[in-house]
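For reference, the structure discussed in these notes is given below.
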Amino acid sequence: MKKAGMFDGAFGRYFLPGIILQSVLIGGGYATGREIVEYGAKFGAYGWMAGAAAFLGFVIVCMLSFEFIRLYKLYDFKSFMKEMAGPLYYVFDFIYMIFMVIIIAVMASAAGSVVEKMTGLNYWYGVTGITVIVGILNFYGSRAIEYFDTARTVVLCAGYLIFSAVVIAAHSENIGAVFASENISYLPDTTVMAAFWSGILYMGYNLVVLPASFFTIKRQDSR
């Protein structure tokens with residue numbers, strides 16, 4: 001009898017798709033803070049609406065996409081697009097390949113910059129290191145990616161929690177004042193709906209990474 005692994009039970013069904021999705025989603029722009037500023041923080045007290053909109057958007061799209069994948073057993077993006085777009089699937093195939101090259105390039109560039117600033121090492125050490133890691137993970141396949149991204153997510157979330165606690169503790173009065181006064185001084189003419197729409201835009205342009213999580217839906221046996 002084959003021994004069940006950690007991804008063969010509830011963890012693999014309920015948590016792994018989200019883990020893989022956020023692992024691809026948090027790329028160069030998000031890691032450096034550029035996307036946070038561009039799509040949320042610049043709205044000041046309304047910024048949380050952008051986060052809420054992006055969250056709701058991803059929830060709805062993922063629910064519909066994952067159920068479609070489960071019903072038709074489309075566990076890779078090419079099969080998915082063949083079912084969705086018919087004979088024009090190759091157009092998305094071509095665009096997706098371009099996006100993957102761009103995403104890896106942006107991620108590698110961000111890694112190089114972070115390594116250089118944090119350690120003083122040459123920029124190309126970070127670029128080469130992250131590119132080699134991506135290559136190794138793709139070489140060893142989905143199982144290696146599942147283990148690596150799960151461990152990475154634990155470390156990432158721990159880092160975010162610690163960072164958030166430090167920032168909130170240091171700036172709690174300012175944060176409270178911004179929300180109490182509904183401060184939107186960075187964009188004085190903005191509205192709640194503008195922030196909400198910004199979150200939708202962020203979700204929409206990041207949907208290109210959704211196919212990266214399709215292989216994890218094989219474990220879904222019911223709605």
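Residue numbering restarts at 1 in every chain; chains get A, B, ... in the order shown in the structure tokens, and ligands count up from 1 in that same order.
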Residues of range 123-214 of chain A that have any atom at most 9 Å from an atom of range 52-58 of chain A: could you tabulate them with the shortest-distance atom pair and the distance in Å to one decimal, using only C-alpha atoms, ordered by chain and increasing number, as JSON lines?
{"residue": "A:Ala195", "atom": "CA", "partner": "A:Ala53", "partner_atom": "CA", "distance": 8.5}
{"residue": "A:Phe196", "atom": "CA", "partner": "A:Ala53", "partner_atom": "CA", "distance": 5.5}
{"residue": "A:Trp197", "atom": "CA", "partner": "A:Ala53", "partner_atom": "CA", "distance": 7.3}
{"residue": "A:Ser198", "atom": "CA", "partner": "A:Ala53", "partner_atom": "CA", "distance": 8.1}
{"residue": "A:Gly199", "atom": "CA", "partner": "A:Ala54", "partner_atom": "CA", "distance": 4.5}
{"residue": "A:Ile200", "atom": "CA", "partner": "A:Ala54", "partner_atom": "CA", "distance": 5.3}
{"residue": "A:Leu201", "atom": "CA", "partner": "A:Ala54", "partner_atom": "CA", "distance": 7.9}
{"residue": "A:Tyr202", "atom": "CA", "partner": "A:Ala54", "partner_atom": "CA", "distance": 6.5}
{"residue": "A:Met203", "atom": "CA", "partner": "A:Ala54", "partner_atom": "CA", "distance": 5.1}
{"residue": "A:Gly204", "atom": "CA", "partner": "A:Gly57", "partner_atom": "CA", "distance": 8.1}
{"residue": "A:Leu207", "atom": "CA", "partner": "A:Phe58", "partner_atom": "CA", "distance": 8.3}
Review point. If you measure from CA of Val209 in chain A to CA of Lys82 in chain A, what distance in Å do you get, rounded to one decimal?
Key: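 Pair CA of Val209 in chain A / CA of Lys82 in chain A returns 17.3 Å.
Shortest atom-to-atom contact with Lys218 in chain A among A:Thr153, A:Thr190, A:Ser142, A:Ser164: A:Ser142, counting only C-alpha atoms.
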